[in-house]
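Down below is the structure, laid out as structure tokens.
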Amino acid sequence: MSQRVYNFGAGPAMLPTEVMEEVQQEMLDYQGHGASIIEISHRAPPFLEILEETESIFRRLTGLGSSHVMFFMHGGAQMQFSAVPLNLMARKEKRSAVYLITGKWGVLAEEEARKFGSTRVALDGKPLGFRKIPEWEEILDPETSYVHLTSNNTLYGTQWQEYPDTGEVPLVSDSTSDILSRKEDYSRFGLVYAGLQKNLGPSGLALVLVREDLLGLALPQTPKLLDYQLAHEQRSLANTTSVFSIYVTLKMLRWVEKQGGVAVMEQRNREKSKLLYDVLDDSELYKAVADPENRSICNVTFRLDDDEMEKRFLEQSLNEGLYALKGHRDVGGIRASIYNSMPLEGVKALADFMQDFERRET
Ligand SMILES: *Cc1c(COP(=O)(O)O)cnc(C)c1O
């Protein structure tokens with residue numbers, strides 16, 4: 001068998017080898033059905049059971065109660081940039097939403113929302129190069145349809161530590177890159193969405209959690225497949241869903257549960273990220289990108305001042321089996337994405353490599 005690398009890619013991200021092996025074993029014959037799960041109807045009992053168990057484990061892991069419905073939608077996280085305004089703008093007559101922009105994904109979400117109502121950027125981290133999440137406190141106009149934020153800024157490695165209080169106005173979170181990475185009371189949000197490919201499974205779908213009173217408000221032009229009410233009523237099956245993505249997500253959720261749940265994930269992610277931040281803080285060579293107060297436990301970002309040296313860092317790390325450390329093309333530098341599936345040993349290998357590299361090069 002070929003050697004699996006430690007994959008630090010931001011997404012699609014690595015999945016635990018035991019999850020991948022299970023998928024491999026079942027690929028030709030899913031539990032004695034004589035066919036793969038991707039060859040069986042999405043309305044047949046084997047898949048309906050998968051869908052049901054996926055929801056019940058997610059609820060068990062997060063404590064999400066009956067106040068919120070849960071479903072999957074096509075198009076990954078960015079399709080939700082459109083689905084959110086289409087479904088929530090009309091909550092208030094003014095059709096206006098507030099966006100808290102702490103990174104590139106927030107910028108794109110707001111650009112999309114503008115097509116369906118008026119938006120106001122109430123917080124903009126851009127002047128600070130998105131290295132920091134600025135303080136935000138404001139008495140909101142209660143006629144605001146919703147407030148949107150990005151819980152973890154995948155490109156820059158910053159993460160909200162405490163969410164703002166938006167009172168009666170529903171808070172919407174793009175939680176794509178930190179869902180299930182730390183204990184979180186998702187019921188405090190009106191809506192949460194997450195593309196699957198960072199912490200949950202394969203790309204292409206988004207997991208959506210919606211407070212029940214926010215259903216049924218879609219604008220008339222909302223495409224059928226983006227209507228939250230319909231997605232809920234049809235239990236994610238308004239059309240043929242990505243059966244494979246949900247199947248793998250179930251295995252991933254079972255894996256999280258077997259490890260001890262979200263609290264254990266959080267503890268490990270804190271330990272992993274601290275290992276890297278300690279190396280950065282002790283170093284003369286590496287410069288951490290994110291402000292210490294907003295550091296993410298999911299994506300650790302840093303730079304080397306010398307471009308040539310950075311290139312050598314990337315080449316040599318790859319030779320050590322440390323894969324996909326190149327930062328996002330908009331940010332540059334190095335980014336280590338260390339989601340739930342990344343084992344502590346992988347992060348230790350990276351920390352050791354970083355220290356060796358610094359010794360060699362300086
Ligand atoms: C990766 C990412 C996205 C984009 O996801 P797609 O599924 O490719 O649309 C959006 N938001 C955040 C926070 C992300 O990390």
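Just remember, in the structure tokens the first chain shown is A, the second B, etc., residues are 1-based per chain, and ligands are 1-based in the order shown.
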### Query
Counting only C-alpha atoms and all ligand atoms, what residues are within 10 Å of ligand 1, given as a ChimeraX atom specification?
/A:10-13,74-81,103-106,108-109,149-155,173-179,193-199,202-206,299
Output file for the residues above (C-alpha atoms, as a compact mmCIF listing (two decimals), in the first residue's frame):
```txt
# COMPACT_ATOMS: atom_id res chain seq x y z
CA ALA A 10 -7.52 23.48 3.57
CA GLY A 11 -10.18 21.54 1.71
CA PRO A 12 -10.95 19.06 0.44
CA ALA A 13 -9.10 18.01 3.54
CA HIS A 74 -26.11 21.04 -3.13
CA GLY A 75 -23.44 23.49 -4.13
CA GLY A 76 -21.13 23.52 -1.13
CA ALA A 77 -20.72 26.54 1.09
CA GLN A 78 -20.83 29.15 -1.63
CA MET A 79 -24.27 28.14 -2.83
CA GLN A 80 -25.39 29.17 0.66
CA PHE A 81 -24.04 32.67 -0.04
CA GLY A 103 -12.06 37.45 5.44
CA LYS A 104 -12.41 36.61 1.78
CA TRP A 105 -15.39 34.28 2.25
CA GLY A 106 -17.31 37.04 3.98
CA LEU A 108 -17.95 36.92 -1.38
CA ALA A 109 -21.00 36.19 0.76
CA LEU A 149 -20.49 36.25 9.91
CA THR A 150 -17.78 33.68 9.15
CA SER A 151 -16.87 31.77 12.31
CA ASN A 152 -13.39 30.72 11.15
CA ASN A 153 -11.44 32.53 8.46
CA THR A 154 -9.81 29.70 6.61
CA LEU A 155 -7.39 31.80 4.53
CA SER A 173 -22.75 31.69 10.52
CA ASP A 174 -20.66 30.25 7.72
CA SER A 175 -19.03 27.56 9.85
CA THR A 176 -17.48 25.63 6.99
CA SER A 177 -13.98 25.44 8.39
CA ASP A 178 -14.67 24.97 12.09
CA ILE A 179 -17.86 22.96 12.42
CA TYR A 193 -24.14 26.31 7.23
CA ALA A 194 -20.98 24.39 6.42
CA GLY A 195 -19.55 22.95 3.22
CA LEU A 196 -18.67 19.35 4.05
CA GLN A 197 -15.14 19.22 2.70
CA LYS A 198 -13.20 20.70 5.64
CA ASN A 199 -14.34 18.81 8.69
CA PRO A 202 -16.32 15.05 0.59
CA SER A 203 -17.00 18.33 -1.21
CA GLY A 204 -20.17 19.39 -3.00
CA LEU A 205 -22.82 19.57 -0.30
CA ALA A 206 -23.46 21.89 2.60
CA ASN A 299 -5.84 26.87 10.26
```
### stretch 112-129 of chain A surroundings by only C-alpha atoms, 8 Å radius, close-in-sequence under 2 positions cut, as a PyMOL selection string
chain A and resi 81-82+84-86+89+95-103+108-110+131-134+136
Within 6 Å of stretch 224-248 of chain A: each stretch 51-127 of chain A residue with its shortest pair, only C-alpha atoms, as CSV:
```
residue,atom,partner,partner_atom,distance
A:Phe71,CA,A:Ser236,CA,5.2
A:Phe72,CA,A:Ser236,CA,5.3
A:Ala83,CA,A:Leu226,CA,5.6
```
### Task
Name the residues of stretch 42-280 of chain A that come out as strand (DSSP E or B) in a backbone DSSP run; write them as a PyMOL selection string.
chain A and resi 68-74+96-101+118-124+146-150+152-153+158-159+171-174+191-195+205-211
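Contact shell of A:Met27 at 10 Å (only C-alpha atoms; same-chain neighbours under 5 positions omitted): A:Glu21, A:Glu22, A:Gly34, A:Ala35, A:Ser36, A:Ile37, A:Ile38, A:Glu39.
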Same residues, N, CA and C atoms, output as a PDB file, in the first residue's frame:
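File produced: result-v8.pdb:
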```
ATOM      1  N   GLU A  21     -10.652   3.524   4.841  1.00  0.00           N
ATOM      2  CA  GLU A  21     -10.571   2.066   4.663  1.00  0.00           C
ATOM      3  C   GLU A  21     -11.950   1.413   4.691  1.00  0.00           C
ATOM      4  N   GLU A  22     -12.788   1.901   5.569  1.00  0.00           N
ATOM      5  CA  GLU A  22     -14.164   1.376   5.616  1.00  0.00           C
ATOM      6  C   GLU A  22     -14.882   1.628   4.296  1.00  0.00           C
ATOM      7  N   GLY A  34     -24.959  -6.233  -2.471  1.00  0.00           N
ATOM      8  CA  GLY A  34     -24.440  -6.610  -3.782  1.00  0.00           C
ATOM      9  C   GLY A  34     -24.246  -5.427  -4.709  1.00  0.00           C
ATOM     10  N   ALA A  35     -24.298  -4.230  -4.166  1.00  0.00           N
ATOM     11  CA  ALA A  35     -24.082  -3.003  -4.941  1.00  0.00           C
ATOM     12  C   ALA A  35     -23.461  -1.965  -4.014  1.00  0.00           C
ATOM     13  N   SER A  36     -22.805  -0.991  -4.629  1.00  0.00           N
ATOM     14  CA  SER A  36     -22.221   0.088  -3.830  1.00  0.00           C
ATOM     15  C   SER A  36     -23.329   1.027  -3.362  1.00  0.00           C
ATOM     16  N   ILE A  37     -23.060   1.758  -2.308  1.00  0.00           N
ATOM     17  CA  ILE A  37     -24.034   2.751  -1.835  1.00  0.00           C
ATOM     18  C   ILE A  37     -24.314   3.795  -2.922  1.00  0.00           C
ATOM     19  N   ILE A  38     -23.338   4.022  -3.809  1.00  0.00           N
ATOM     20  CA  ILE A  38     -23.580   5.020  -4.868  1.00  0.00           C
ATOM     21  C   ILE A  38     -24.324   4.418  -6.055  1.00  0.00           C
ATOM     22  N   GLU A  39     -24.694   3.150  -5.943  1.00  0.00           N
ATOM     23  CA  GLU A  39     -25.470   2.517  -7.009  1.00  0.00           C
ATOM     24  C   GLU A  39     -26.894   2.176  -6.544  1.00  0.00           C
TER      25      GLU A  39
END
```
### Query
In Å to one decimal, how far is atom CA of A:Asp291 from atom CA of A:Ala324?
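These two atoms are separated by 23.0 Å.
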### Task
Quick one: everything within 10 Å of A:His68, counting only C-alpha atoms, minus sequence neighbours fewer than 4 positions away in the same chain. Send it as an MDAnalysis selection string.
chainID A and resid 59 64 186:187 189:192 208:215
### Task
Using DSSP on the backbone coordinates, identify the residues of stretch 75-287 of chain A assigned to helix (DSSP H, G or I); present them as a PyMOL selection string.
chain A and resi 76-91+104-116+126-128+186-188+212-214+224-226+228-233+243-259+262-282
### Message
Measuring between only C-alpha atoms, which one of A:Gly332, A:Pro164, A:Gly216, A:Gly346 shows the shortest distance to A:Ile139?
### Response
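Comparing A:Gly332, A:Pro164, A:Gly216, A:Gly346 against A:Ile139, the winner is A:Pro164.
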### Task
Rank A:Phe47, A:Tyr323, A:Phe313, A:Trp255 by their smallest atom-to-atom distance to A:Glu358, using only C-alpha atoms, and report the top residue only.
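Looking at the shortest contact to A:Glu358, the residue is A:Phe313.
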### Task
Write out as a PyMOL selection string the residues lying within 10 Å of A:Pro46, counting only C-alpha atoms and excluding same-chain residues fewer than 5 positions away.
chain A and resi 30-31+33+37+40-41+51
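Atom pair atom CA of A:Gly157 / atom CA of A:Ala290 has a distance of 5.9 Å (rounded to one decimal).
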### Query
What lies within 10 Å of A:Gly327 using only C-alpha atoms, ignoring chain neighbours under 6 positions off, as a count of residues only?
13
Dump as CSV the rows for residues of stretch 6-43 of chain A within 12 Å of stretch 257-262 of chain A: closest atom pair and distance in Å with one decimal, only C-alpha atoms counted, ordered by chain and rising residue number.
```
residue,atom,partner,partner_atom,distance
A:Pro16,CA,A:Gln259,CA,11.4
A:Glu18,CA,A:Lys258,CA,11.8
A:Val19,CA,A:Lys258,CA,11.7
```
